[in-house]
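To be precise, the following lines are run09.txt, and they hold compact mmCIF, C-alpha atoms.
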# COMPACT_ATOMS: atom_id res chain seq x y z
CA MET E 74 -41.07 -67.30 -34.67
CA LYS E 75 -37.59 -68.22 -35.86
CA LYS E 76 -35.12 -65.41 -36.40
CA GLN E 77 -33.78 -65.14 -39.94
CA ILE E 78 -30.05 -65.86 -39.70
CA THR E 79 -27.73 -63.94 -42.03
CA VAL E 80 -24.87 -66.03 -43.43
CA GLY E 81 -21.64 -65.43 -45.34
CA VAL E 82 -19.69 -68.14 -47.19
CA ILE E 83 -15.89 -68.10 -47.47
CA GLY E 84 -14.67 -70.14 -50.43
CA CYS E 85 -16.25 -70.51 -53.89
CA GLY E 86 -14.23 -73.46 -55.17
CA TYR E 87 -15.55 -77.01 -55.46
CA TRP E 88 -17.81 -77.29 -52.39
CA GLY E 89 -18.57 -73.63 -51.72
CA PRO E 90 -21.18 -73.19 -54.48
CA LEU E 91 -23.08 -76.23 -53.16
CA LEU E 92 -23.23 -74.62 -49.73
CA VAL E 93 -24.31 -71.32 -51.27
CA ARG E 94 -27.17 -73.05 -53.11
CA ASN E 95 -28.38 -74.87 -50.01
CA PHE E 96 -28.20 -71.95 -47.58
CA LYS E 97 -29.90 -69.77 -50.22
CA SER E 98 -32.84 -72.21 -50.30
CA LEU E 99 -33.56 -72.11 -46.54
CA PRO E 100 -36.54 -69.92 -45.56
CA ASP E 101 -35.08 -68.88 -42.19
CA CYS E 102 -31.68 -67.98 -43.63
CA GLN E 103 -30.51 -64.95 -45.61
CA LEU E 104 -27.34 -65.63 -47.57
CA LYS E 105 -25.77 -62.19 -47.62
CA ALA E 106 -22.21 -62.48 -48.94
CA VAL E 107 -19.57 -64.75 -50.49
CA CYS E 108 -15.81 -64.30 -50.29
CA ASP E 109 -12.96 -65.63 -52.42
CA LEU E 110 -9.65 -64.29 -53.71
CA ASN E 111 -10.42 -65.80 -57.11
CA THR E 112 -12.47 -63.12 -58.85
CA GLU E 113 -13.54 -65.51 -61.61
CA ARG E 114 -15.14 -67.83 -59.06
CA LEU E 115 -16.86 -64.84 -57.44
CA LYS E 116 -18.26 -63.76 -60.81
CA HIS E 117 -19.60 -67.26 -61.41
CA VAL E 118 -21.42 -67.44 -58.07
CA ARG E 119 -22.78 -63.87 -58.35
CA ALA E 120 -24.04 -64.58 -61.86
CA LEU E 121 -26.16 -67.34 -60.34
CA TYR E 122 -27.23 -65.23 -57.34
CA PRO E 123 -27.03 -61.50 -58.22
CA ASP E 124 -28.48 -60.40 -54.85
CA ILE E 125 -25.45 -61.75 -52.94
CA GLU E 126 -22.51 -59.45 -52.17
CA GLY E 127 -19.10 -60.58 -53.44
CA MET E 128 -15.78 -59.70 -51.84
CA THR E 129 -12.15 -60.78 -51.80
CA GLN E 130 -11.22 -59.83 -48.22
CA THR E 131 -12.32 -62.02 -45.31
CA GLN E 132 -12.12 -59.16 -42.84
CA GLN E 133 -14.62 -57.25 -44.97
CA LEU E 134 -17.07 -60.16 -44.68
CA LEU E 135 -16.46 -60.56 -40.94
CA ASN E 136 -16.57 -56.89 -39.98
CA GLY E 137 -18.49 -55.10 -42.71
CA THR E 138 -21.55 -57.21 -43.54
CA ASN E 139 -23.24 -57.80 -40.14
CA VAL E 140 -23.63 -61.54 -40.79
CA ASP E 141 -24.62 -63.78 -37.89
CA ALA E 142 -22.78 -66.86 -39.13
CA VAL E 143 -19.85 -67.79 -41.35
CA VAL E 144 -19.47 -70.92 -43.49
CA ILE E 145 -15.89 -71.96 -44.30
CA ALA E 146 -15.26 -73.95 -47.49
CA ALA E 147 -11.57 -73.13 -47.98
CA PRO E 148 -8.57 -75.51 -48.18
CA VAL E 149 -7.87 -77.35 -44.91
CA LYS E 150 -4.71 -75.36 -44.17
CA HIS E 151 -6.88 -72.23 -43.82
CA HIS E 152 -9.65 -73.74 -41.67
CA TYR E 153 -8.05 -72.84 -38.34
CA SER E 154 -7.13 -69.23 -39.13
CA LEU E 155 -10.46 -68.46 -40.81
CA ALA E 156 -12.56 -70.18 -38.12
CA LYS E 157 -10.61 -68.48 -35.34
CA ALA E 158 -11.13 -65.07 -36.95
CA ALA E 159 -14.85 -65.78 -37.41
CA LEU E 160 -15.33 -66.93 -33.81
CA LEU E 161 -13.36 -64.00 -32.38
CA ALA E 162 -15.60 -61.71 -34.47
CA GLY E 163 -18.62 -63.25 -32.69
CA LYS E 164 -19.88 -65.33 -35.63
CA HIS E 165 -21.40 -68.79 -35.41
CA THR E 166 -19.14 -70.98 -37.54
CA PHE E 167 -19.71 -73.92 -39.90
CA ILE E 168 -16.51 -75.64 -41.14
CA GLU E 169 -15.96 -78.15 -43.90
CA LYS E 170 -14.27 -81.40 -42.91
CA PRO E 171 -11.72 -81.88 -41.51
CA MET E 172 -11.99 -79.23 -38.83
CA ALA E 173 -8.33 -78.13 -38.86
CA SER E 174 -4.80 -79.38 -39.49
CA SER E 175 -4.11 -80.44 -35.89
CA SER E 176 -5.94 -81.44 -32.72
CA ALA E 177 -4.35 -78.48 -30.90
CA GLU E 178 -5.99 -76.11 -33.38
CA CYS E 179 -9.33 -77.89 -32.92
CA GLU E 180 -9.12 -77.60 -29.14
CA GLU E 181 -8.49 -73.87 -29.38
CA LEU E 182 -11.47 -73.33 -31.70
CA ILE E 183 -13.72 -75.29 -29.32
CA GLU E 184 -12.57 -73.17 -26.38
CA ILE E 185 -13.23 -69.89 -28.22
CA ALA E 186 -16.70 -71.03 -29.33
CA GLU E 187 -17.67 -72.20 -25.83
CA ARG E 188 -16.30 -69.07 -24.17
CA ASN E 189 -18.31 -66.85 -26.50
CA GLY E 190 -21.49 -68.93 -26.55
CA LEU E 191 -21.26 -69.60 -30.30
CA VAL E 192 -22.38 -72.57 -32.37
CA LEU E 193 -19.42 -74.43 -33.89
CA MET E 194 -20.44 -77.12 -36.36
CA LEU E 195 -18.61 -79.49 -38.70
CA ASP E 196 -19.98 -80.52 -42.06
CA HIS E 197 -19.86 -84.30 -41.62
CA THR E 198 -22.54 -84.43 -44.31
CA PHE E 199 -23.21 -88.16 -44.35
CA LEU E 200 -24.50 -88.18 -40.77
CA TYR E 201 -27.47 -86.18 -42.07
CA SER E 202 -28.20 -88.60 -44.92
CA SER E 203 -31.21 -90.92 -44.83
CA PRO E 204 -29.15 -94.12 -45.43
CA VAL E 205 -26.77 -93.46 -42.52
CA GLN E 206 -29.62 -92.45 -40.21
CA LYS E 207 -31.46 -95.67 -41.13
CA ILE E 208 -28.32 -97.76 -40.56
CA ALA E 209 -27.83 -96.16 -37.14
CA GLN E 210 -31.45 -96.95 -36.22
CA ILE E 211 -31.04 -100.58 -37.29
CA VAL E 212 -27.78 -100.99 -35.34
CA GLN E 213 -29.14 -99.29 -32.21
CA ALA E 214 -32.23 -101.51 -32.31
CA GLY E 215 -29.96 -104.57 -32.18
CA ASP E 216 -31.21 -106.03 -35.47
CA LEU E 217 -27.67 -106.84 -36.64
CA GLY E 218 -26.64 -108.37 -33.33
CA GLU E 219 -23.11 -107.51 -32.22
CA ILE E 220 -21.09 -105.63 -34.83
CA ARG E 221 -18.05 -107.68 -35.86
CA TYR E 222 -16.43 -105.39 -38.39
CA ILE E 223 -17.05 -102.61 -40.91
CA ASN E 224 -15.38 -102.44 -44.31
CA CYS E 225 -15.35 -99.20 -46.37
CA ARG E 226 -14.18 -98.38 -49.88
CA ARG E 227 -14.13 -94.79 -51.13
CA LEU E 228 -12.31 -94.73 -54.45
CA ASN E 229 -12.18 -92.57 -57.58
CA LEU E 230 -9.79 -90.97 -60.10
CA GLY E 231 -8.83 -87.59 -58.52
CA LEU E 232 -9.52 -84.92 -57.36
CA PHE E 233 -5.86 -84.63 -56.32
CA GLN E 234 -5.22 -82.29 -53.38
CA LYS E 235 -2.07 -80.25 -52.80
CA ASP E 236 -2.15 -79.78 -49.03
CA ILE E 237 -3.62 -83.05 -47.68
CA ASN E 238 -3.33 -86.72 -48.59
CA VAL E 239 -6.17 -89.00 -49.64
CA ALA E 240 -6.80 -90.19 -46.07
CA TRP E 241 -7.44 -86.62 -44.90
CA ASP E 242 -9.57 -85.96 -48.00
CA LEU E 243 -11.80 -89.04 -48.34
CA ALA E 244 -11.57 -91.08 -45.12
CA PRO E 245 -13.35 -88.47 -42.90
CA HIS E 246 -16.68 -89.43 -44.50
CA ASP E 247 -16.24 -93.07 -43.49
CA ILE E 248 -14.71 -92.27 -40.09
CA SER E 249 -17.66 -90.06 -39.16
CA ILE E 250 -20.12 -92.82 -40.10
CA ILE E 251 -18.16 -95.50 -38.22
CA LEU E 252 -17.93 -93.42 -35.02
CA HIS E 253 -21.62 -92.56 -35.27
CA ILE E 254 -22.65 -96.21 -35.69
CA LEU E 255 -20.37 -97.65 -33.00
CA ASP E 256 -20.57 -94.60 -30.68
CA GLU E 257 -17.05 -95.32 -29.52
CA PHE E 258 -13.57 -93.92 -30.07
CA PRO E 259 -11.01 -96.43 -31.44
CA THR E 260 -8.25 -97.93 -29.32
CA ALA E 261 -5.65 -97.98 -32.10
CA ILE E 262 -5.03 -96.92 -35.72
CA ASN E 263 -2.94 -98.56 -38.44
CA CYS E 264 -2.43 -96.91 -41.81
CA GLN E 265 -0.36 -97.77 -44.88
CA GLY E 266 -0.16 -95.96 -48.19
CA ASN E 267 1.94 -94.61 -51.03
CA ALA E 268 2.40 -91.39 -52.97
CA HIS E 269 2.47 -92.14 -56.71
CA ILE E 270 1.67 -88.76 -58.29
CA THR E 271 2.71 -85.98 -55.89
CA PRO E 272 5.79 -86.66 -53.73
CA GLY E 273 4.93 -86.74 -50.03
CA ILE E 274 1.14 -86.75 -50.52
CA GLU E 275 -0.28 -90.28 -50.37
CA ASP E 276 -2.91 -90.95 -53.05
CA VAL E 277 -3.74 -94.49 -51.87
CA THR E 278 -4.18 -95.50 -48.21
CA ASN E 279 -5.52 -98.43 -46.23
CA MET E 280 -6.55 -97.59 -42.68
CA SER E 281 -7.64 -99.93 -39.88
CA LEU E 282 -9.41 -98.74 -36.72
CA SER E 283 -9.46 -101.10 -33.74
CA PHE E 284 -12.25 -100.95 -31.17
CA SER E 285 -13.12 -102.79 -27.97
CA ARG E 286 -14.57 -106.33 -28.01
CA LYS E 287 -12.40 -107.33 -31.02
CA ARG E 288 -14.30 -105.06 -33.39
CA PHE E 289 -12.51 -103.21 -36.17
CA ALA E 290 -13.12 -101.13 -39.28
CA THR E 291 -11.10 -100.90 -42.48
CA ILE E 292 -11.09 -97.90 -44.81
CA GLN E 293 -9.61 -98.01 -48.31
CA SER E 294 -9.16 -94.56 -49.89
CA SER E 295 -7.79 -93.82 -53.37
CA TRP E 296 -7.51 -91.09 -55.99
CA LEU E 297 -6.17 -93.64 -58.50
CA GLU E 298 -9.14 -95.88 -59.25
CA PRO E 299 -10.74 -96.19 -62.71
CA ARG E 300 -14.19 -96.57 -61.11
CA LYS E 301 -15.88 -94.39 -58.54
CA ILE E 302 -16.85 -96.55 -55.54
CA ARG E 303 -18.66 -95.50 -52.36
CA GLU E 304 -19.42 -98.69 -50.48
CA MET E 305 -19.64 -99.80 -46.85
CA THR E 306 -20.32 -103.27 -45.46
CA ILE E 307 -21.38 -103.73 -41.83
CA VAL E 308 -21.15 -107.30 -40.56
CA GLY E 309 -23.07 -108.32 -37.44
CA THR E 310 -23.57 -111.60 -35.63
CA ARG E 311 -27.19 -111.84 -36.88
CA ARG E 312 -27.44 -109.80 -40.07
CA MET E 313 -25.31 -107.73 -42.44
CA ILE E 314 -25.79 -104.43 -44.31
CA VAL E 315 -24.34 -103.30 -47.63
CA TYR E 316 -24.55 -99.54 -48.20
CA ASP E 317 -23.80 -98.34 -51.73
CA ASP E 318 -24.12 -94.57 -51.86
CA LEU E 319 -23.79 -94.40 -55.65
CA ARG E 320 -27.07 -96.22 -56.25
CA THR E 321 -29.91 -93.87 -57.06
CA ARG E 322 -32.33 -96.17 -55.28
CA GLU E 323 -31.83 -99.15 -53.00
CA LYS E 324 -28.79 -97.63 -51.31
CA ILE E 325 -29.14 -100.06 -48.37
CA ARG E 326 -29.65 -103.79 -48.57
CA ILE E 327 -29.95 -105.89 -45.40
CA TYR E 328 -28.93 -109.54 -45.60
CA ASP E 329 -30.35 -112.09 -43.18
CA THR E 330 -27.08 -114.00 -43.41
CA ARG E 331 -24.73 -115.29 -40.76
CA VAL E 332 -22.39 -118.08 -39.77
CA GLU E 333 -22.51 -119.83 -36.39
CA ARG E 334 -20.01 -122.06 -34.68
CA PRO E 335 -21.43 -125.18 -32.97
CA PRO E 336 -21.48 -124.84 -29.16
CA HIS E 337 -19.71 -128.19 -28.62
CA TYR E 338 -18.42 -131.23 -30.52
CA ASP E 339 -16.61 -134.43 -29.58
CA THR E 340 -14.34 -134.93 -32.58
CA PHE E 341 -13.01 -132.72 -35.35
CA ALA E 342 -15.00 -134.83 -37.84
CA GLU E 343 -18.22 -133.72 -36.11
CA PHE E 344 -17.24 -130.04 -36.33
CA GLN E 345 -19.26 -128.07 -38.89
CA TYR E 346 -20.04 -124.40 -39.19
CA SER E 347 -23.71 -123.55 -39.46
CA TYR E 348 -24.43 -121.18 -42.36
CA HIS E 349 -27.72 -119.29 -42.38
CA TYR E 350 -28.94 -117.87 -45.70
CA GLY E 351 -32.15 -115.92 -45.28
CA ASP E 352 -33.87 -113.27 -47.34
CA SER E 353 -32.47 -109.84 -48.12
CA TYR E 354 -34.60 -106.74 -48.02
CA ILE E 355 -34.35 -103.05 -48.89
CA PRO E 356 -35.72 -100.55 -46.33
CA HIS E 357 -37.61 -97.51 -47.56
CA LEU E 358 -35.66 -94.26 -47.39
CA GLN E 359 -36.96 -90.70 -47.53
CA GLN E 360 -34.84 -89.05 -50.22
CA GLU E 361 -33.58 -85.65 -49.07
CA GLU E 362 -30.33 -83.85 -49.83
CA PRO E 363 -28.01 -84.44 -46.83
CA LEU E 364 -26.16 -81.16 -47.29
CA LYS E 365 -29.41 -79.20 -47.14
CA LEU E 366 -30.34 -81.01 -43.91
CA ALA E 367 -26.91 -80.19 -42.46
CA CYS E 368 -27.28 -76.51 -43.39
CA GLN E 369 -30.77 -76.41 -41.85
CA HIS E 370 -29.45 -78.09 -38.68
CA PHE E 371 -26.82 -75.35 -38.35
CA ILE E 372 -29.46 -72.62 -38.63
CA ASP E 373 -31.77 -74.44 -36.18
CA CYS E 374 -28.95 -74.80 -33.63
CA ILE E 375 -28.28 -71.05 -33.81
CA ASN E 376 -31.98 -70.23 -33.36
CA THR E 377 -32.42 -72.63 -30.43
CA ASN E 378 -28.94 -72.25 -28.90
CA SER E 379 -28.47 -76.02 -29.25
CA GLU E 380 -25.42 -78.24 -29.64
CA PRO E 381 -25.06 -79.63 -33.20
CA LEU E 382 -24.92 -83.35 -33.85
CA THR E 383 -21.54 -82.74 -35.51
CA ASN E 384 -20.13 -80.30 -32.99
CA GLY E 385 -16.55 -79.21 -32.44
CA ARG E 386 -15.71 -82.20 -30.26
CA ARG E 387 -16.75 -84.56 -33.04
CA GLY E 388 -14.48 -82.57 -35.33
CA LEU E 389 -11.65 -82.95 -32.81
CA GLU E 390 -12.18 -86.74 -32.69
CA MET E 391 -11.85 -86.86 -36.46
CA VAL E 392 -8.59 -84.90 -36.51
CA ARG E 393 -7.11 -87.02 -33.70
CA ILE E 394 -7.74 -90.12 -35.80
CA LEU E 395 -6.28 -88.51 -38.93
CA GLU E 396 -3.20 -87.40 -36.98
CA ALA E 397 -2.74 -90.97 -35.73
CA ALA E 398 -3.13 -92.28 -39.30
CA SER E 399 -0.43 -89.86 -40.49
CA ALA E 400 1.89 -91.00 -37.69
CA SER E 401 1.25 -94.64 -38.61
CA LEU E 402 1.99 -93.90 -42.27
CA LYS E 403 5.41 -92.52 -41.28
CA MET E 404 6.06 -95.75 -39.32
CA ASN E 405 5.15 -97.99 -42.29
CA GLY E 406 1.81 -98.99 -40.80
CA ALA E 407 2.83 -99.54 -37.18
CA PRO E 408 -0.12 -99.09 -34.78
CA VAL E 409 -0.75 -95.85 -32.95
CA THR E 410 -2.70 -96.45 -29.74
CA PHE E 411 -5.01 -94.23 -27.69
CA ALA E 412 -5.16 -94.18 -23.90
CA SER E 413 -8.96 -94.48 -23.79
CA SER E 414 -11.59 -95.85 -26.17
CA THR E 415 -14.35 -93.68 -24.71
CA ARG E 416 -15.40 -90.67 -26.73
CA PRO E 417 -13.18 -87.98 -25.20
CA ALA E 418 -14.04 -84.56 -23.82
CA PRO E 419 -10.55 -83.03 -24.07
CA ALA E 420 -9.29 -80.06 -22.11
CA CYS E 421 -9.18 -76.91 -24.20
CA ALA E 422 -6.12 -74.77 -24.92
CA PRO E 423 -6.25 -71.06 -24.15
CA ALA E 424 -7.09 -68.76 -27.05
CA LYS E 425 -4.23 -66.93 -28.73
CA THR E 426 -4.24 -63.34 -29.90
CA GLU E 427 -6.01 -62.53 -33.15
CA GLU E 428 -3.88 -62.86 -36.28
CA VAL E 429 -3.96 -61.06 -39.63
CA LEU E 430 -5.17 -63.41 -42.36
CA GLU E 431 -3.14 -63.91 -45.53
CA ILE E 432 -4.80 -66.62 -47.58
CA GLU E 433 -4.59 -68.05 -51.08
CA ALA E 434 -7.40 -68.41 -53.58
CA PHE E 435 -10.03 -70.90 -52.42
CA VAL E 436 -9.94 -73.31 -55.35

The structure given in the file should be rewritten as structure tokens.
Amino acid sequence: MKKQITVGVIGCGYWGPLLVRNFKSLPDCQLKAVCDLNTERLKHVRALYPDIEGMTQTQQLLNGTNVDAVVIAAPVKHHYSLAKAALLAGKHTFIEKPMASSSAECEELIEIAERNGLVLMLDHTFLYSSPVQKIAQIVQAGDLGEIRYINCRRLNLGLFQKDINVAWDLAPHDISIILHILDEFPTAINCQGNAHITPGIEDVTNMSLSFSRKRFATIQSSWLEPRKIREMTIVGTRRMIVYDDLRTREKIRIYDTRVERPPHYDTFAEFQYSYHYGDSYIPHLQQEEPLKLACQHFIDCINTNSEPLTNGRRGLEMVRILEAASASLKMNGAPVTFASSTRPAPACAPAKTEEVLEIEAFV
């Protein structure tokens, strides 16, 4: 029989209430407490769930509620300090993306979790969605042939962030999907962008990830678009996939379309590309809320002492890419290269002494 895991959520802003709802719905989870400095947000969540304790001090949640696990849905600048405090208090920890503000912080959190035998999981929600799981199955089966490139667009008007740029805010969704599909770390990153609204915080970026065998992925991110767009195109040598996450149904369409170059020709006049236009089809998808599946996966990993699909090392990979993108932005789009394209297992930094937390309202 599964143990019922008690959980506390830190942060009741935009994403926190969604996590509260999903953890509250799980049969083998008891959502015990929520924490936020904003008392109005606390009142709102407790009005929906009167049986949940509300508090404004994180140390009270960590030390006074006997929770088994902590869920962190605070601004990115607080992820490291809150996660470190939770792990040092012996709590399994679930962190919103991105994991922290630097790869050094990520490495330290991984070391603390491993040293204390705790589950550390990142909420890369889309990896738990039916469309992405289906795409991964299709790619792994070889139905697309060799992947040539992936093109992503994640655009909307707002929500403007104060502590991170649009690449750190929106691109992690696409990066996590790309790494999952290709199962490879990029060799280089290029990123260009501009800050139009808030000085120093880019609201439009274009990122390019280079991989081995001449494969690459492009990611366009914007807070300044009149339309909301969530689209990814995966081009293979045999077939292609268009994934539109905003469609209620038919989120994935597979095109039996390709272009082939003739193996040999004697004169340029004889040279012709061969275009293949076949049928397109829409695979059946089981509709389930990805965030609920991610929350259940976290609870299952605690109960079975298993490594999550989106573990701390996957969170570290993400932050390494975002750091490289930030460095490229400062160099006007010049490439930032990595020593190895294999998915790394980095050495961990030693844990530092516990710090007192002083945090702002989680809005």

message = Rounded to one decimal, what separation in Å do you get between CA of Thr306 (chain E) and CA of Ile270 (chain E)?
response =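 Answer for the CA of Thr306 (chain E) to CA of Ile270 (chain E) separation: 29.3 Å.
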
request  = Find, counting all atoms listed in the file, the residue in E:Ile394, E:Leu110, E:Val212, E:Leu155 that gets nearest to Thr260 (chain E).
outcome  =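 With all atoms listed in the file as the atom set, the closest residue is E:Ile394.
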
message = Using all atoms listed in the file, which protein or nucleic acid residues come within 7 Å of Thr291 (chain E)? Drop anything in the same chain fewer than 6 positions from it, and give the result as a ChimeraX atom specification.
response = /E:223-225,280-282

Taking the point (1.5, -82.8, -50.0) as given in the file, collect each protein or nucleic acid residue that comes within 6 Å of it, counting only C-alpha atoms, and present the set as a PDB file with C-alpha atoms, in the frame of the given file.
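Written out: selection28.pdb:
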ATOM      1  CA  LYS E 235      -2.070 -80.250 -52.800  1.00  0.00           C
ATOM      2  CA  ASP E 236      -2.150 -79.780 -49.030  1.00  0.00           C
ATOM      3  CA  ILE E 237      -3.620 -83.050 -47.680  1.00  0.00           C
ATOM      4  CA  GLY E 273       4.930 -86.740 -50.030  1.00  0.00           C
ATOM      5  CA  ILE E 274       1.140 -86.750 -50.520  1.00  0.00           C
TER       6      ILE E 274
END

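Those residues that approach Gly137 (chain E) to within 12 Å, counting all atoms listed in the file, are E:Gly81, E:Lys105, E:Ala106, E:Glu126, E:Met128, E:Gln130, E:Thr131, E:Gln132, E:Gln133, E:Asp141, E:Ala162; same-chain residues fewer than 4 positions away are not listed.
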
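Closest approach to Lys97 (chain E) from the set E:Val392, E:Leu252, E:Met313, E:Gln369 is made by E:Gln369, with distances taken over all atoms listed in the file.
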
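With all atoms listed in the file as the atoms that count, the residue of E:Ile185, E:Ile375, E:Ile145, E:Ile292 with the shortest distance to Ala240 (chain E) is E:Ile292.
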
ask   = Mind pulling up the distance from CA of Ile183 (chain E) to CA of Arg386 (chain E)?
value =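 The value is 7.3 Å.
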
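You can rank E:Ile254, E:Leu91, E:Leu191, E:Ala173 by their closest distance to Gly215 (chain E) using all atoms listed in the file, and at the top of that list sits E:Ile254.
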
inquiry  = Counting all atoms listed in the file, which residue out of E:Ile302, E:Ala367, E:Cys264, E:Cys102 sits closest to Ser399 (chain E)?
reply    =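 The answer is E:Cys264, which sits nearest to Ser399 (chain E).
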
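Between CA of Ile220 (chain E) and CA of Glu257 (chain E) lies a distance of 12.3 Å.
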
Nearest residue to Phe371 (chain E) from the set E:Lys403, E:His253, E:Val80, E:Arg320 (distances using only C-alpha atoms) =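 Ranking E:Lys403, E:His253, E:Val80, E:Arg320 by distance to Phe371 (chain E), first place goes to E:Val80.
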
message = With all atoms listed in the file as the counted atoms, please give the residues lying no more than 10 Å from His357 (chain E), apart from itself and same-chain residues fewer than 3 positions off, as a list in words.
response =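 Within the cut-off, the hits are Ser203, Pro204, Lys207, Arg322, Glu323, Lys324, Ile325, Tyr354 and Gln360 of chain E.
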
message = So that I can see what lies close to Leu232 (chain E), please list as number ranges by chain the residues with an atom at most 10 Å from it, counting all atoms listed in the file and leaving out residues fewer than 5 positions away in the same chain.
response = E: 239, 242, 276, 295-297

key: Test item: residues at most 9 Å from Val144 (chain E), all atoms listed in the file, excluding those fewer than 4 positions along its chain, as JSON, numbers by chain   = {"E": [80, 81, 82, 83, 84, 89, 92, 156, 165, 166, 167, 168, 169]}
